Structures are given as structure tokens and as C-alpha cells.
Amino acid sequence: MSRRCFTILVTILLAATQGVGTASGEAAAATRITLADAVARALGQYPGIGLARAKSDEAHAAIREAFAAWLPTLQIGATAMWYEKPMLVFPLHGLDPNSLLNPAQRPQFDRALVQGSLMLDYTLFDAGRDAKVRRARYQAAAADAGLNASQQAVALRVINAYLGVLAKRETLAAHDRRLESLESELSRTHKLRDVGRAADVEVLRVEAALSTAQADRVHLFTELDTAERDLARLIDMTYEQIQTDELAWVTPADTTVMARDSALAMAKRSSPNLTQASRQADAAQAGRTAARGTMWPVLRATSAYVDRGSSPGVYKAEWNAGLVLAYPLFTGGAVRSAIARADAAANGAQEQLRLAHLQLAEDIDRALGAVRESRARVRSLDDAVSRFTEVVRIEKLSLETGARTQTDYLRAEADLLSARAGLAEARRGEIAARAELARVTGQLSSHWIANSLENRE
């Protein structure tokens with residue numbers, strides 16, 4: 001297949017792809033989506049956040065369950081039993097042999113017995129009861145921190161996806177401008193060749209550059225298509241809406257870089273991951289105390305009001321009250337094993353907390369390094385785009401006047417495209433790095449987005 005045929009085929013495929021996207025997008029009216037809107041949509045419906053919120057609700061319910069051990073229990077019970085042989089209906093609280101001669105005072109027997117009871121029970125002493133409540137509260141605090149961490153992680157994913165779409169759209173637009181320049185150069189070269197002022201090799205050179213650029217555009221369009229679909233899934237919108245809607249570019253409201261000590265101090269106060277690890281360590285320590293509490297006896301006060309009767313309908317009620325002391329003398333090693341398991345869990349949670357501190361410092365260093373690097377790249381590439389734009393203009397004029405070669409012009413066009421694509425990626429990288437730093441320090445929220453980023457018109 002000749003280069004000309006390949007060029008025509010790629011052009012037709014691109015036009016068809018764009019036509020499908022345009023036709024599907026015409027069904028929905030184009031709107032403007034800001035980064036804050038996209039994050040808010042994701043936080044309102046993303047399943048991972050719903051899962052974290054359910055775990056938080058479960059942990060808070062466990063607090064009420066553990067605290068119930070401090071309150072008395074009141075329950076009602078009823079039984080109806082049928083026996084093969086007659087059973088004693090009422091308990092014998094005493095036996096007078098003389099009463100056996102009186103039928104009215106003889107013990108009552110029946111095969112069908114009915115009993116109703118109202119029982120009140122209260123634990124007076126349980127060495128591990130308070131520790132269990134504290135463990136539940138720490139676990140709830142850890143679950144809340146986990147919910148916060150999930151929200152910030154999802155917000156960061158949306159920011160990266162949103163900025164990725166913007167950067168790829170800008171890169172594709174820059175590539176289209178290069179295609180226009182190459183097509184213009186190809187037309188100019190054809191005209192010069194027709195009048196004998198350009199060689200065939202110059203036409204072939206431009207056609208080769210144009211064919212390569214068109215093939216690259218297919219790749220760039222595919223990357224943009226994938227990025228738009230990823231964003232649509234995250235924020236619960238259709239692919240067609242993402243294609244037709246305008247995404248607002250954002251820029252940092254403040255380009256200063258936070259000092260490392262300040263970032264680390266802020267992270268230690270606010271990082272949800274560190275808070276979660278700390279509360280889990282506290283919960284494990286409380287679990288250790290609760291496990292050791294099983295080595296102590298449990299003292300309970302109990303009382304009941306019991307009404308007994310038989311099938312003829314004769315009932316007699318009485319009450320009882322007392323103290324119950326329970327102490328495990330032998331449990332087959334269960335108590336000792338439970339204490340050992342709780343000790344191991346507490347030690348592991350402490351190591352997890354130490355690991356979280358190390359990971360936090362590493363994340364801070366990486367995020368700060370990424371912010372500084374991307375900020376420097378934005379400044380350098382912004383200057384490079386301005387200079388390459390001027391170089392392309394001069395090379396174009398020089399080519400038309402014969403002072404420069406076609407190769408110089410094509411190289412300048414390629415350099416300009418590379419600088420524009422690099423600038424778009426650097427801008428995306430700077431905001432993504434600042435968002436990652438905000439996540440690590442525990443500040444990434446809708447409030448941070450509103451105060452740290454500005455929509456660019």
C-alpha cells in the first residue's frame with residue numbers, strides 16, 4: 001500500500017470516529033463541569049465510600065452493644081411442657097407429714113405444666129467490661145478515619161481522571177494544529193513541485209511526516225477515549241455526556257510549596273491513615289485489657305418473678321433474688337490463649353502504627369518532590385512553547401523565502417508539538433501532585449478544592 005493510500009485510509013477512519021462521537025453527543029446538551037462538581041458527584045455515589053460508611057455505622061452500633069453490658073437486662077419467659085408421667089406442679093418449700101392427710105394441702109401433680117417468668121439480671125462486677133466499651137469506641141474512631149481516607153482517595157482518583165482528560169484533550173488539540181500545518185505545507189510543496197521549484201523528495205518527506213502524525217493521532221484519540229470512559233464511570237455520568245460537556249481547566253491558586261516540617265506536622269495531626277492506625281492500636285490495647293479481665297470472677301445480681309400452673313388452670317406465683325459468682329477454674333487453655341492472642345494483636349497494631357509513621361514521611365517527601373518538579377516543568381515548558389512557536393513562525397517564513405530547508409521546518413513543528421504536549425502534562429502533574437500532598441496531609445476535601453484551585457477560563 002502506498003503512503004498516499006495509507007494517508008487517505010487513516011483520514012477516513014479518523015473522520016468516521018469523530019463523526020460517531022459527534023452524532024452520539026448531539027443527543028445531550030453540552031454543559032460545563034467543574035472539578036468540584038465531578039468530585040462531589042463521585043463522593044455521593046461511589047461504592048467504595050458506601051462500603052466505608054457502612055463499616056463506620058457497624059462500628060458505632062458496636063459501641064452501643066458493648067455499653068449494654070453496663071445496664072440491667074429484663075426479660076420475660078414462658079414454657080409449656082407435657083410429660084409422660086405426672087410431674088410436680090409447684091415446688092415443695094416444705095413438707096409436713098400431717099398435711100398429706102389433707103387433700104387440699106397435698107402436692108399437686110400433672111402431665112401438662114405451664115410456667116411464666118419475669119427475670120431481672122445485672123452484672124455488678126466484670127473486670128473487662130469497661131475495656132470492651134473503650135475498644136468499641138476506638139474501633140469506631142478508626143472506622144470514621146477509614147471513611148475519611150476513602151473519601152480522600154476517591155477525590156484524588158477523580159482529580160487525576162479529570163485532569164487526565166483535560167491534558168489529553170489539549171494534547172490532541174495541539175496535534176490537530178500540527179496536522180493542519182503539515183497539510184498546509186503539503187499543499188504548498190505540491191504547488192512548488194508542479195512548477196518545478198520543489199523535488200519529489202520534499203513531497204515524500206511531508207507526506208511521511210503527515211502519515212506519521214495521522215497514525216499518532218489515532219493513538220492519542222484512543223487514549224482520550226479511554227480517559228473519558230474512566231471519568232464517566234467514576235462520576236456516574238454517561239460517556240456521551242463526558243464527550244460533549246466542557247471540562248473547566250484549573251490552576252493552582254497559590255504556587256508556593258509547603259515546607260517539609262510544616263507538611264509533616266500537619267499530616268501527623270490530620271492524616272486519616274495515621275489516625276486510623278493510631279485508633280486501631282488503641283483498640284488493640286483495650287482488647288488486651290479486656291482479655292486479661294477474663295481472669296477475674298464475674299459477679300451478677302439476679303431476681304425473678306415466676307408463675308407456675310397446670311392444665312386445670314391452677315396457678316401460684318413467687319419471687320426469688322440472689323447473687324451469682326462465676327470464676328473459671330479450668331477452661332482448657334481458652335483464657336490463656338485468648339490473652340496471648342490479644343497480646344499479639346496489640347503488638348502487631350503498634351508495629352502497624354510505626355509503619356504508618358514511616359509511610360507518612362515517605363509519602364510527604366515524594367509528594368513535595370513531585371510538586372517542586374512539576375512546578376519547575378510548567379515554568380520551563382511554558383517558556384519553551386512560547387519560544388518554539390516563534391521558531392516555527394520564523395522557520396515557516398524562511399522556508400517560503402528559500403533561506404531554510406524543509407527539514408528544519410518539520411523539526412520545529414515536531415518540537416512545538418512535543419513542548420505543548422509536555423506543558424499540558426506538566427500542568428496536570430502539578431495539580432495532581434498538590435492534590436496528593438493534600439491527601440497525605442489529610443486536607444483533600446471540597447473545601448481544599450475551592451480554596452486551592454481556580455477555574456481557568
# chains A, B, ... in the order shown; residues from 1 in each chain; ligands from 1
>>> closest_atom_pairs(of="region 43-105 of chain A", to="region 232-256 of chain A", cutoff="9 Å", atoms="only C-alpha atoms", output="JSON lines")
{"residue": "A:Leu43", "atom": "CA", "partner": "A:Ile235", "partner_atom": "CA", "distance": 8.3}
{"residue": "A:Gly44", "atom": "CA", "partner": "A:Ile235", "partner_atom": "CA", "distance": 8.8}
{"residue": "A:Gln45", "atom": "CA", "partner": "A:Asp236", "partner_atom": "CA", "distance": 7.5}
{"residue": "A:Tyr46", "atom": "CA", "partner": "A:Leu234", "partner_atom": "CA", "distance": 7.1}
>>> write_last_selection(atoms="N, CA and C atoms", output="mmCIF file, in the first residue's frame")
data_model
loop_
_atom_site.group_PDB
_atom_site.id
_atom_site.type_symbol
_atom_site.label_atom_id
_atom_site.label_comp_id
_atom_site.auth_asym_id
_atom_site.auth_seq_id
_atom_site.Cartn_x
_atom_site.Cartn_y
_atom_site.Cartn_z
ATOM 1 N N LEU A 43 -18.215 11.463 45.263
ATOM 2 C CA LEU A 43 -18.357 11.238 46.700
ATOM 3 C C LEU A 43 -19.785 10.866 47.077
ATOM 4 N N GLY A 44 -20.745 11.263 46.252
ATOM 5 C CA GLY A 44 -22.138 10.975 46.571
ATOM 6 C C GLY A 44 -22.607 9.593 46.161
ATOM 7 N N GLN A 45 -21.845 8.897 45.289
ATOM 8 C CA GLN A 45 -22.365 7.623 44.791
ATOM 9 C C GLN A 45 -21.352 6.508 44.662
ATOM 10 N N TYR A 46 -20.055 6.771 44.891
ATOM 11 C CA TYR A 46 -19.060 5.738 44.623
ATOM 12 C C TYR A 46 -19.210 4.587 45.632
#
>>> residues_around(residues="region 431-443 of chain A", least_positions_apart="4", cutoff="6 Å", atoms="only C-alpha atoms", output="PyMOL selection string")
chain A and resi 266-267+270-271+367+370-371
>>> residues_around(residues="Thr302 (chain A)", least_positions_apart="6", cutoff="6 Å", atoms="only C-alpha atoms", output="MDAnalysis selection string")
chainID A and resid 120:121 321:322
>>> write_last_selection(atoms="C-alpha atoms", output="mmCIF file, in the first residue's frame")
data_model
loop_
_atom_site.group_PDB
_atom_site.id
_atom_site.type_symbol
_atom_site.label_atom_id
_atom_site.label_comp_id
_atom_site.auth_asym_id
_atom_site.auth_seq_id
_atom_site.Cartn_x
_atom_site.Cartn_y
_atom_site.Cartn_z
ATOM 1 C CA LEU A 120 -34.050 -9.135 86.061
ATOM 2 C CA ASP A 121 -30.273 -9.531 85.817
ATOM 3 C CA ALA A 321 -33.411 -12.948 94.233
ATOM 4 C CA GLY A 322 -29.748 -13.646 94.747
#
>>> residues_around(residues="Ser311 (chain A)", least_positions_apart="4", cutoff="12 Å", atoms="only C-alpha atoms", output="list of chain:residue names")
A:Ala80, A:Met81, A:Trp82, A:Tyr83, A:Pro86, A:Met87, A:Val89, A:Gln108, A:Phe109, A:Asp110, A:Arg111, A:Ala112, A:Leu113, A:Val114, A:Gln115, A:Tyr315
>>> select_by_dssp(residues="region 169-346 of chain A", states="helix (DSSP H, G or I)", output="MDAnalysis selection string")
chainID A and resid 169:194 200:234 239:244 260:270 272:293 334:346
>>> closest_residue(among="A:Arg300, A:Arg41, A:Lys55, A:Arg411", to="Gly146 (chain A)", atoms="only C-alpha atoms")
A:Lys55
>>> select_by_dssp(residues="region 238-277 of chain A", states="strand (DSSP E)", output="ChimeraX atom specification")
/A:246-247,249-252
>>> residues_around(residues="Ser337 (chain A)", least_positions_apart="6", cutoff="12 Å", atoms="only C-alpha atoms", output="PDB file with C-alpha atoms, in the first residue's frame")
ATOM      1  CA  ARG A 288      -5.672  -6.808  75.632  1.00  0.00           C
ATOM      2  CA  ALA A 291      -8.864 -10.336  77.574  1.00  0.00           C
ATOM      3  CA  ARG A 292      -6.964 -10.161  80.855  1.00  0.00           C
ATOM      4  CA  THR A 294     -11.472 -12.762  81.969  1.00  0.00           C
ATOM      5  CA  MET A 295      -9.039 -13.967  84.653  1.00  0.00           C
ATOM      6  CA  THR A 331     -11.147 -23.699  80.546  1.00  0.00           C
ATOM      7  CA  ASP A 343      -1.187  -9.506  73.261  1.00  0.00           C
ATOM      8  CA  ALA A 344      -0.091 -10.440  69.756  1.00  0.00           C
TER       9      ALA A 344
END
>>> residues_around(residues="Arg260 (chain A)", least_positions_apart="5", cutoff="9 Å", atoms="only C-alpha atoms", output="list in words")
Ala265, Ile364, Asp365 and Leu368 of chain A
>>> closest_residue(among="A:Leu124, A:Val314, A:Ala281, A:Ala155", to="Leu444 (chain A)", atoms="only C-alpha atoms")
A:Ala155
>>> residues_around(residues="region 348-353 of chain A", least_positions_apart="2", cutoff="8 Å", atoms="only C-alpha atoms", output="VMD selection string")
chain A and resid 274 277 to 278 280 to 281 284 344 to 346 355 to 357
>>> closest_residue(among="A:Gln276, A:Ser187, A:Ser181, A:Thr79", to="Arg393 (chain A)", atoms="only C-alpha atoms")
A:Ser181
>>> closest_residue(among="A:Ala426, A:Thr123, A:Ala227, A:Arg372", to="Val298 (chain A)", atoms="only C-alpha atoms")
A:Thr123
>>> closest_residue(among="A:Arg135, A:Arg366, A:Lys85, A:Arg428", to="Ala263 (chain A)", atoms="only C-alpha atoms")
A:Arg366
